[in-house]
Every structure is written in C-alpha cells, then in structure tokens.
>>> print(open('start33.txt').read())   # compact mmCIF, N, CA and C atoms
# COMPACT_ATOMS: atom_id res chain seq x y z
N MET K 460 -44.54 138.73 -66.03
CA MET K 460 -44.38 137.75 -64.98
C MET K 460 -45.65 136.92 -64.88
N PRO K 461 -45.54 135.58 -64.89
CA PRO K 461 -46.74 134.75 -64.84
C PRO K 461 -47.43 134.82 -63.49
N SER K 462 -48.72 134.62 -63.52
CA SER K 462 -49.50 134.61 -62.27
C SER K 462 -49.21 133.34 -61.49
N PRO K 463 -49.28 133.40 -60.16
CA PRO K 463 -49.09 132.18 -59.37
C PRO K 463 -50.28 131.24 -59.59
N PRO K 464 -50.08 129.95 -59.39
CA PRO K 464 -51.19 129.02 -59.56
C PRO K 464 -52.28 129.29 -58.54
N LEU K 465 -53.52 128.94 -58.90
CA LEU K 465 -54.64 129.12 -57.99
C LEU K 465 -54.52 128.20 -56.78
N ALA K 466 -54.00 127.02 -57.00
CA ALA K 466 -53.77 126.06 -55.92
C ALA K 466 -52.31 125.67 -55.96
N PRO K 467 -51.70 125.49 -54.79
CA PRO K 467 -50.28 125.13 -54.80
C PRO K 467 -50.06 123.77 -55.43
N ASP K 468 -48.93 123.61 -56.09
CA ASP K 468 -48.56 122.33 -56.68
C ASP K 468 -47.79 121.56 -55.62
N ASP K 469 -48.44 120.58 -55.05
CA ASP K 469 -47.83 119.82 -53.96
C ASP K 469 -47.03 118.64 -54.47
N GLY K 470 -46.79 118.57 -55.76
CA GLY K 470 -46.04 117.46 -56.30
C GLY K 470 -46.93 116.29 -56.65
N PRO K 471 -46.31 115.17 -56.94
CA PRO K 471 -47.05 114.01 -57.42
C PRO K 471 -47.98 113.37 -56.40
N ILE K 472 -47.71 113.59 -55.10
CA ILE K 472 -48.54 113.02 -54.04
C ILE K 472 -49.05 114.16 -53.16
N ASP K 473 -50.35 114.22 -52.97
CA ASP K 473 -50.95 115.21 -52.08
C ASP K 473 -50.81 114.67 -50.65
N ILE K 474 -49.82 115.17 -49.94
CA ILE K 474 -49.49 114.67 -48.60
C ILE K 474 -50.65 114.87 -47.63
N ASP K 475 -51.30 116.02 -47.69
CA ASP K 475 -52.43 116.26 -46.79
C ASP K 475 -53.53 115.23 -47.00
N HIS K 476 -53.83 114.93 -48.26
CA HIS K 476 -54.85 113.93 -48.57
C HIS K 476 -54.42 112.56 -48.04
N LEU K 477 -53.17 112.19 -48.28
CA LEU K 477 -52.65 110.91 -47.81
C LEU K 477 -52.78 110.80 -46.29
N GLN K 478 -52.43 111.87 -45.59
CA GLN K 478 -52.51 111.85 -44.13
C GLN K 478 -53.95 111.72 -43.66
N ARG K 479 -54.88 112.38 -44.36
CA ARG K 479 -56.30 112.24 -44.00
C ARG K 479 -56.77 110.80 -44.22
N MET K 480 -56.36 110.22 -45.33
CA MET K 480 -56.81 108.86 -45.67
C MET K 480 -56.22 107.80 -44.74
N THR K 481 -55.05 108.09 -44.17
CA THR K 481 -54.40 107.13 -43.27
C THR K 481 -54.56 107.54 -41.81
N LEU K 482 -55.41 108.53 -41.56
CA LEU K 482 -55.69 109.01 -40.21
C LEU K 482 -54.41 109.42 -39.47
N GLY K 483 -53.44 109.93 -40.23
CA GLY K 483 -52.20 110.41 -39.64
C GLY K 483 -51.26 109.32 -39.17
N ASP K 484 -51.54 108.08 -39.51
CA ASP K 484 -50.69 106.94 -39.09
C ASP K 484 -49.52 106.82 -40.08
N ALA K 485 -48.32 107.22 -39.64
CA ALA K 485 -47.15 107.23 -40.52
C ALA K 485 -46.80 105.83 -41.03
N GLY K 486 -46.98 104.82 -40.20
CA GLY K 486 -46.71 103.45 -40.62
C GLY K 486 -47.66 103.02 -41.72
N LEU K 487 -48.93 103.39 -41.58
CA LEU K 487 -49.92 103.06 -42.61
C LEU K 487 -49.63 103.83 -43.89
N GLU K 488 -49.19 105.08 -43.76
CA GLU K 488 -48.82 105.85 -44.95
C GLU K 488 -47.73 105.13 -45.73
N ARG K 489 -46.69 104.71 -45.04
CA ARG K 489 -45.59 104.00 -45.71
C ARG K 489 -46.09 102.71 -46.37
N GLU K 490 -46.96 102.01 -45.67
CA GLU K 490 -47.48 100.75 -46.20
C GLU K 490 -48.29 100.97 -47.48
N VAL K 491 -49.21 101.94 -47.47
CA VAL K 491 -50.03 102.15 -48.66
C VAL K 491 -49.22 102.73 -49.81
N LEU K 492 -48.22 103.56 -49.49
CA LEU K 492 -47.37 104.08 -50.56
C LEU K 492 -46.58 102.95 -51.21
N ALA K 493 -46.02 102.06 -50.41
CA ALA K 493 -45.27 100.93 -50.97
C ALA K 493 -46.18 100.03 -51.78
N MET K 494 -47.40 99.79 -51.28
CA MET K 494 -48.34 98.94 -52.03
C MET K 494 -48.71 99.60 -53.36
N PHE K 495 -48.96 100.91 -53.35
CA PHE K 495 -49.31 101.60 -54.58
C PHE K 495 -48.16 101.53 -55.57
N SER K 496 -46.96 101.75 -55.10
CA SER K 496 -45.80 101.73 -55.99
C SER K 496 -45.67 100.37 -56.67
N ALA K 497 -45.79 99.30 -55.90
CA ALA K 497 -45.70 97.96 -56.47
C ALA K 497 -46.87 97.68 -57.42
N GLN K 498 -48.07 98.05 -57.00
CA GLN K 498 -49.25 97.82 -57.84
C GLN K 498 -49.16 98.59 -59.14
N SER K 499 -48.67 99.82 -59.08
CA SER K 499 -48.61 100.64 -60.29
C SER K 499 -47.64 100.05 -61.31
N VAL K 500 -46.54 99.47 -60.85
CA VAL K 500 -45.60 98.82 -61.78
C VAL K 500 -46.30 97.68 -62.49
N SER K 501 -47.00 96.87 -61.72
CA SER K 501 -47.71 95.73 -62.29
C SER K 501 -48.79 96.18 -63.28
N LEU K 502 -49.56 97.19 -62.89
CA LEU K 502 -50.65 97.65 -63.75
C LEU K 502 -50.12 98.32 -65.01
N ILE K 503 -49.07 99.11 -64.90
CA ILE K 503 -48.50 99.75 -66.09
C ILE K 503 -48.02 98.69 -67.08
N GLY K 504 -47.40 97.63 -66.57
CA GLY K 504 -46.97 96.54 -67.43
C GLY K 504 -48.14 95.89 -68.14
N ALA K 505 -49.21 95.66 -67.41
CA ALA K 505 -50.40 95.05 -68.01
C ALA K 505 -51.09 96.01 -68.98
N LEU K 506 -51.11 97.29 -68.65
CA LEU K 506 -51.76 98.28 -69.52
C LEU K 506 -51.02 98.41 -70.85
N ALA K 507 -49.73 98.21 -70.85
CA ALA K 507 -48.93 98.35 -72.07
C ALA K 507 -49.37 97.38 -73.15
N THR K 508 -49.99 96.28 -72.76
CA THR K 508 -50.43 95.29 -73.76
C THR K 508 -51.71 95.70 -74.46
N LEU K 509 -52.39 96.72 -73.90
CA LEU K 509 -53.68 97.19 -74.44
C LEU K 509 -54.62 96.01 -74.73
N SER K 510 -54.78 95.18 -73.72
CA SER K 510 -55.66 94.01 -73.84
C SER K 510 -57.11 94.43 -73.61
N ALA K 511 -57.99 93.45 -73.65
CA ALA K 511 -59.41 93.71 -73.42
C ALA K 511 -59.67 94.23 -72.01
N ASP K 512 -58.76 93.96 -71.09
CA ASP K 512 -58.92 94.39 -69.70
C ASP K 512 -58.36 95.79 -69.43
N THR K 513 -57.87 96.47 -70.43
CA THR K 513 -57.19 97.74 -70.22
C THR K 513 -58.07 98.77 -69.52
N GLY K 514 -59.32 98.88 -69.90
CA GLY K 514 -60.22 99.83 -69.26
C GLY K 514 -60.40 99.54 -67.79
N ALA K 515 -60.58 98.28 -67.45
CA ALA K 515 -60.75 97.89 -66.04
C ALA K 515 -59.46 98.12 -65.26
N LEU K 516 -58.33 97.85 -65.87
CA LEU K 516 -57.05 98.06 -65.18
C LEU K 516 -56.80 99.55 -64.95
N ALA K 517 -57.14 100.37 -65.93
CA ALA K 517 -57.00 101.82 -65.77
C ALA K 517 -57.91 102.31 -64.65
N HIS K 518 -59.11 101.75 -64.57
CA HIS K 518 -60.05 102.13 -63.52
C HIS K 518 -59.50 101.76 -62.14
N THR K 519 -58.90 100.59 -62.04
CA THR K 519 -58.29 100.15 -60.78
C THR K 519 -57.17 101.10 -60.37
N LEU K 520 -56.31 101.45 -61.32
CA LEU K 520 -55.20 102.35 -61.03
C LEU K 520 -55.72 103.73 -60.63
N LYS K 521 -56.77 104.18 -61.28
CA LYS K 521 -57.36 105.49 -60.96
C LYS K 521 -57.84 105.51 -59.51
N GLY K 522 -58.52 104.47 -59.08
CA GLY K 522 -59.01 104.42 -57.70
C GLY K 522 -57.89 104.36 -56.69
N SER K 523 -56.89 103.55 -56.95
CA SER K 523 -55.74 103.45 -56.05
C SER K 523 -55.01 104.78 -55.95
N ALA K 524 -54.85 105.44 -57.08
CA ALA K 524 -54.14 106.73 -57.10
C ALA K 524 -54.91 107.78 -56.31
N ARG K 525 -56.21 107.81 -56.47
CA ARG K 525 -57.01 108.79 -55.72
C ARG K 525 -56.91 108.53 -54.22
N ALA K 526 -56.84 107.27 -53.83
CA ALA K 526 -56.79 106.93 -52.41
C ALA K 526 -55.54 107.47 -51.73
N ILE K 527 -54.42 107.54 -52.45
CA ILE K 527 -53.18 108.01 -51.83
C ILE K 527 -52.87 109.47 -52.16
N GLY K 528 -53.69 110.09 -52.98
CA GLY K 528 -53.46 111.49 -53.34
C GLY K 528 -52.57 111.68 -54.56
N ALA K 529 -52.45 110.66 -55.39
CA ALA K 529 -51.69 110.77 -56.64
C ALA K 529 -52.66 111.19 -57.74
N PHE K 530 -53.10 112.44 -57.65
CA PHE K 530 -54.19 112.89 -58.50
C PHE K 530 -53.81 113.02 -59.97
N ARG K 531 -52.56 113.30 -60.28
CA ARG K 531 -52.14 113.35 -61.68
C ARG K 531 -52.23 111.95 -62.29
N VAL K 532 -51.85 110.93 -61.53
CA VAL K 532 -51.99 109.54 -61.99
C VAL K 532 -53.46 109.22 -62.20
N ALA K 533 -54.29 109.60 -61.25
CA ALA K 533 -55.73 109.32 -61.37
C ALA K 533 -56.32 109.99 -62.60
N ASP K 534 -55.95 111.24 -62.85
CA ASP K 534 -56.47 111.96 -64.02
C ASP K 534 -55.99 111.31 -65.32
N ALA K 535 -54.73 110.89 -65.35
CA ALA K 535 -54.19 110.24 -66.55
C ALA K 535 -54.86 108.89 -66.77
N ALA K 536 -55.10 108.15 -65.71
CA ALA K 536 -55.79 106.86 -65.83
C ALA K 536 -57.22 107.08 -66.31
N ASP K 537 -57.85 108.14 -65.84
CA ASP K 537 -59.21 108.47 -66.28
C ASP K 537 -59.22 108.79 -67.78
N CYS K 538 -58.20 109.51 -68.25
CA CYS K 538 -58.10 109.83 -69.69
C CYS K 538 -57.92 108.56 -70.51
N LEU K 539 -57.11 107.65 -70.02
CA LEU K 539 -56.92 106.37 -70.73
C LEU K 539 -58.23 105.59 -70.75
N GLU K 540 -58.89 105.55 -69.62
CA GLU K 540 -60.17 104.85 -69.54
C GLU K 540 -61.19 105.45 -70.52
N ALA K 541 -61.23 106.77 -70.60
CA ALA K 541 -62.16 107.45 -71.51
C ALA K 541 -61.79 107.18 -72.97
N ALA K 542 -60.50 107.20 -73.28
CA ALA K 542 -60.08 106.92 -74.66
C ALA K 542 -60.53 105.53 -75.09
N ILE K 543 -60.39 104.58 -74.22
CA ILE K 543 -60.80 103.21 -74.54
C ILE K 543 -62.31 103.13 -74.69
N ARG K 544 -63.01 103.74 -73.76
CA ARG K 544 -64.48 103.72 -73.79
C ARG K 544 -65.01 104.38 -75.06
N ASN K 545 -64.33 105.45 -75.53
CA ASN K 545 -64.79 106.19 -76.71
C ASN K 545 -64.25 105.63 -78.02
N GLY K 546 -63.41 104.60 -77.93
CA GLY K 546 -62.84 104.01 -79.14
C GLY K 546 -61.74 104.85 -79.76
N ASP K 547 -61.15 105.76 -78.98
CA ASP K 547 -60.06 106.61 -79.45
C ASP K 547 -58.73 105.86 -79.32
N ASP K 548 -57.72 106.38 -79.99
CA ASP K 548 -56.37 105.82 -79.86
C ASP K 548 -55.87 106.10 -78.45
N PRO K 549 -55.54 105.05 -77.69
CA PRO K 549 -55.11 105.25 -76.31
C PRO K 549 -53.62 105.56 -76.16
N GLY K 550 -52.88 105.65 -77.25
CA GLY K 550 -51.44 105.79 -77.20
C GLY K 550 -50.96 106.98 -76.38
N GLN K 551 -51.47 108.17 -76.66
CA GLN K 551 -51.02 109.36 -75.94
C GLN K 551 -51.43 109.30 -74.48
N ALA K 552 -52.63 108.81 -74.22
CA ALA K 552 -53.09 108.69 -72.83
C ALA K 552 -52.20 107.72 -72.05
N LEU K 553 -51.77 106.66 -72.70
CA LEU K 553 -50.88 105.70 -72.04
C LEU K 553 -49.51 106.31 -71.76
N ILE K 554 -49.00 107.11 -72.68
CA ILE K 554 -47.72 107.81 -72.47
C ILE K 554 -47.83 108.74 -71.27
N GLU K 555 -48.91 109.51 -71.20
CA GLU K 555 -49.11 110.44 -70.09
C GLU K 555 -49.27 109.70 -68.76
N LEU K 556 -49.94 108.56 -68.79
CA LEU K 556 -50.10 107.76 -67.59
C LEU K 556 -48.75 107.20 -67.13
N ASN K 557 -47.97 106.71 -68.06
CA ASN K 557 -46.63 106.21 -67.71
C ASN K 557 -45.80 107.30 -67.05
N ASP K 558 -45.85 108.51 -67.59
CA ASP K 558 -45.10 109.63 -67.04
C ASP K 558 -45.59 109.98 -65.64
N ALA K 559 -46.89 110.04 -65.46
CA ALA K 559 -47.46 110.37 -64.15
C ALA K 559 -47.09 109.32 -63.10
N VAL K 560 -47.14 108.05 -63.49
CA VAL K 560 -46.78 106.98 -62.57
C VAL K 560 -45.30 107.06 -62.22
N ALA K 561 -44.45 107.33 -63.21
CA ALA K 561 -43.02 107.44 -62.94
C ALA K 561 -42.74 108.56 -61.94
N GLN K 562 -43.41 109.70 -62.10
CA GLN K 562 -43.21 110.81 -61.17
C GLN K 562 -43.73 110.47 -59.77
N ALA K 563 -44.86 109.83 -59.71
CA ALA K 563 -45.42 109.44 -58.41
C ALA K 563 -44.51 108.43 -57.72
N ARG K 564 -44.01 107.46 -58.47
CA ARG K 564 -43.13 106.45 -57.87
C ARG K 564 -41.82 107.07 -57.39
N ALA K 565 -41.30 108.03 -58.12
CA ALA K 565 -40.08 108.71 -57.68
C ALA K 565 -40.33 109.46 -56.38
N ALA K 566 -41.47 110.13 -56.28
CA ALA K 566 -41.81 110.83 -55.05
C ALA K 566 -42.01 109.85 -53.90
N ILE K 567 -42.66 108.74 -54.18
CA ILE K 567 -42.88 107.72 -53.15
C ILE K 567 -41.55 107.16 -52.67
N ASP K 568 -40.67 106.85 -53.60
CA ASP K 568 -39.35 106.33 -53.22
C ASP K 568 -38.62 107.32 -52.31
N ALA K 569 -38.68 108.59 -52.65
CA ALA K 569 -38.03 109.61 -51.82
C ALA K 569 -38.68 109.69 -50.44
N MET K 570 -40.00 109.60 -50.40
CA MET K 570 -40.70 109.66 -49.11
C MET K 570 -40.36 108.45 -48.25
N LEU K 571 -40.28 107.29 -48.86
CA LEU K 571 -39.98 106.07 -48.10
C LEU K 571 -38.55 106.07 -47.60
N ARG K 572 -37.63 106.65 -48.36
CA ARG K 572 -36.24 106.74 -47.92
C ARG K 572 -36.10 107.66 -46.71
N ARG K 573 -36.92 108.72 -46.66
CA ARG K 573 -36.84 109.68 -45.56
C ARG K 573 -37.39 109.12 -44.26
N SER K 574 -38.31 108.18 -44.37
CA SER K 574 -38.96 107.70 -43.13
C SER K 574 -38.25 106.53 -42.51
>>> encode(input="start33.txt", output="structure tokens")
Amino acid sequence: MPSPPLAPDDGPIDIDHLQRMTLGDAGLEREVLAMFSAQSVSLIGALATLSADTGALAHTLKGSARAIGAFRVADAADCLEAAIRNGDDPGQALIELNDAVAQARAAIDAMLRRS
C-alpha cells in the first residue's frame, strides 16, 4: 500500500492561498480567477510560437499562477523559462505547461460555476 502524500493534494488551485491573497473577498477571488483564466489562454497561445519573448511570457505566467495558488502552472512555467534560458529544447516543458494550464482552467471554470 503506498504511503500518503506528505502534503495534501488540493488540486490545481490552492484555495487557502487564493483566499489569503484576496483577503477572503469572494468577489475578488472570482475576479482574479477569471482574469487568470483569460490571461493564461492568451499567454499559452503566444508561448506556442516559441518567439524571442517566450522566456518573458513564461515568467509572466509563473507570477500570475503563483498569485492565485496555481502552483503546478507556476512550476511548469518555471521549467519552460529554465529550458529557454539554458538553451534546451522547450518542447516537453511547453507540453507540461499546457497540461497544467488546462487543469487549472478546468478547476477555475468549476469554481466560477459554483459561485
């Protein structure tokens, strides 16, 4: 039987972190989640081109993700940023970032529907 995780898996969005960052304001939570969801779509589209701005765009997405508690997105964006900085092939990092963003957006959509 596998051991339980050291920290609970709270899903794609760390709700406690989000609530701390929005000072418990449910309206602000909804607003920042909607903004992140829209921004992430735009940034993922731009990142797919792997232009000269890719590192900066990944950095922007990383910061936005950390602000709302989408830590898997932030970690994946950090990996993409590092791959670009190190001259490595960013393909796998971009795939992982796309997956993390898709999961975060699905969670956000569900949260917004409930409120």
>>> atom_distance(input="start33.txt", atom1="atom C of Pro471 in chain K", atom2="atom C of Gly546 in chain K")
28.4 Å
>>> atom_distance(input="start33.txt", atom1="atom N of Ala565 in chain K", atom2="atom N of Arg489 in chain K")
14.5 Å
>>> atom_distance(input="start33.txt", atom1="CA of Leu509 in chain K", atom2="CA of Val532 in chain K")
17.6 Å
>>> closest_residue(input="start33.txt", among="K:Gly486, K:Gln562, K:Ser496, K:Ser510", to="Ser523 in chain K", atoms="only C-alpha atoms")
K:Ser496
>>> select_by_dssp(input="start33.txt", residues="chain K", states="helix (DSSP H, G or I)", output="PyMOL selection string")
chain K and resi 474-480+485-506+513-527+530-545+550-573
>>> closest_residue(input="start33.txt", among="K:Ile472, K:Ile503, K:Ala536, K:Leu487", to="Ala517 in chain K", atoms="all atoms listed in the file")
K:Ala536
>>> closest_residue(input="start33.txt", among="K:His476, K:Asp547, K:Ser574, K:Ala535", to="Ala559 in chain K", atoms="only N, CA and C atoms")
K:Ala535
>>> decode(input="start33.txt", residues="chain K", atoms="C-alpha atoms", output="compact mmCIF listing (two decimals), in the first residue's frame")
# COMPACT_ATOMS: atom_id res chain seq x y z
CA MET K 460 0.00 0.00 0.00
CA PRO K 461 1.50 3.37 -0.98
CA SER K 462 2.28 5.96 1.65
CA PRO K 463 0.01 9.02 1.84
CA PRO K 464 1.47 12.24 0.44
CA LEU K 465 3.40 14.46 2.84
CA ALA K 466 1.16 17.38 1.89
CA PRO K 467 -2.42 17.07 0.73
CA ASP K 468 -3.07 17.49 -2.98
CA ASP K 469 -5.51 20.37 -3.08
CA GLY K 470 -5.90 20.20 -6.83
CA PRO K 471 -4.83 22.70 -9.45
CA ILE K 472 -5.65 25.75 -7.29
CA ASP K 473 -4.56 26.14 -3.68
CA ILE K 474 -7.79 27.59 -2.26
CA ASP K 475 -6.25 28.59 1.07
CA HIS K 476 -3.53 30.56 -0.74
CA LEU K 477 -6.10 32.21 -3.02
CA GLN K 478 -8.19 33.24 -0.02
CA ARG K 479 -5.14 34.70 1.73
CA MET K 480 -4.16 36.64 -1.38
CA THR K 481 -7.68 38.04 -1.82
CA LEU K 482 -8.16 38.69 1.92
CA GLY K 483 -11.17 36.36 1.90
CA ASP K 484 -13.10 38.57 -0.55
CA ALA K 485 -15.15 36.07 -2.62
CA GLY K 486 -15.88 38.66 -5.31
CA LEU K 487 -12.18 39.42 -5.69
CA GLU K 488 -11.43 35.69 -5.83
CA ARG K 489 -13.83 35.27 -8.75
CA GLU K 490 -12.38 38.32 -10.48
CA VAL K 491 -8.75 37.20 -10.25
CA LEU K 492 -9.61 33.64 -11.24
CA ALA K 493 -11.45 34.87 -14.34
CA MET K 494 -8.57 37.22 -15.19
CA PHE K 495 -6.03 34.41 -14.79
CA SER K 496 -8.07 32.06 -16.95
CA ALA K 497 -8.31 34.62 -19.76
CA GLN K 498 -4.66 35.64 -19.44
CA SER K 499 -3.46 32.04 -19.46
CA VAL K 500 -5.27 31.33 -22.75
CA SER K 501 -3.62 34.35 -24.32
CA LEU K 502 -0.17 33.50 -22.95
CA ILE K 503 -0.35 29.82 -23.93
CA GLY K 504 -1.20 30.90 -27.47
CA ALA K 505 1.75 33.27 -27.55
CA LEU K 506 4.09 30.71 -25.95
CA ALA K 507 3.24 28.16 -28.63
CA THR K 508 5.07 30.30 -31.19
CA LEU K 509 8.32 29.99 -29.20
CA SER K 510 9.23 33.56 -30.13
CA ALA K 511 12.02 35.65 -28.66
CA ASP K 512 9.57 36.74 -25.93
CA THR K 513 8.85 33.19 -24.74
CA GLY K 514 11.01 33.45 -21.62
CA ALA K 515 9.39 36.71 -20.55
CA LEU K 516 5.90 35.35 -21.25
CA ALA K 517 6.62 32.22 -19.21
CA HIS K 518 7.87 34.44 -16.39
CA THR K 519 4.64 36.48 -16.51
CA LEU K 520 2.52 33.33 -16.39
CA LYS K 521 4.60 31.98 -13.50
CA GLY K 522 3.97 35.10 -11.42
CA SER K 523 0.26 35.18 -12.18
CA ALA K 524 -0.08 31.49 -11.33
CA ARG K 525 1.71 31.90 -8.01
CA ALA K 526 -0.56 34.80 -7.11
CA ILE K 527 -3.71 32.67 -7.37
CA GLY K 528 -2.22 29.44 -6.00
CA ALA K 529 -1.87 27.58 -9.31
CA PHE K 530 1.47 26.20 -8.23
CA ARG K 531 1.66 23.39 -10.81
CA VAL K 532 1.27 26.03 -13.54
CA ALA K 533 3.94 28.17 -11.88
CA ASP K 534 6.36 25.23 -11.65
CA ALA K 535 5.75 24.26 -15.29
CA ALA K 536 6.25 27.87 -16.42
CA ASP K 537 9.47 27.96 -14.40
CA CYS K 538 10.67 24.79 -16.18
CA LEU K 539 9.90 26.35 -19.56
CA GLU K 540 11.70 29.53 -18.56
CA ALA K 541 14.74 27.49 -17.43
CA ALA K 542 14.77 25.43 -20.64
CA ILE K 543 14.87 28.60 -22.71
CA ARG K 544 17.49 30.22 -20.50
CA ASN K 545 19.69 27.08 -20.72
CA GLY K 546 19.24 26.66 -24.47
CA ASP K 547 17.45 23.32 -24.02
CA ASP K 548 14.59 22.07 -26.17
CA PRO K 549 11.47 23.66 -24.66
CA GLY K 550 9.05 21.19 -26.26
CA GLN K 551 8.41 18.94 -23.26
CA ALA K 552 8.24 21.88 -20.87
CA LEU K 553 5.65 23.52 -23.11
CA ILE K 554 3.57 20.32 -23.19
CA GLU K 555 3.64 20.13 -19.40
CA LEU K 556 2.72 23.80 -19.11
CA ASN K 557 -0.21 23.35 -21.49
CA ASP K 558 -1.46 20.43 -19.39
CA ALA K 559 -1.09 22.34 -16.12
CA VAL K 560 -2.93 25.35 -17.53
CA ALA K 561 -5.73 23.15 -18.87
CA GLN K 562 -6.20 21.57 -15.43
CA ALA K 563 -6.12 24.93 -13.68
CA ARG K 564 -8.64 26.41 -16.12
CA ALA K 565 -10.97 23.44 -15.65
CA ALA K 566 -10.81 23.91 -11.89
CA ILE K 567 -11.39 27.65 -12.26
CA ASP K 568 -14.37 27.08 -14.52
CA ALA K 569 -15.87 24.71 -11.95
CA MET K 570 -15.23 27.19 -9.13
CA LEU K 571 -16.80 30.06 -11.06
CA ARG K 572 -19.88 27.97 -11.89
CA ARG K 573 -20.40 27.18 -8.20
CA SER K 574 -20.28 30.80 -7.08
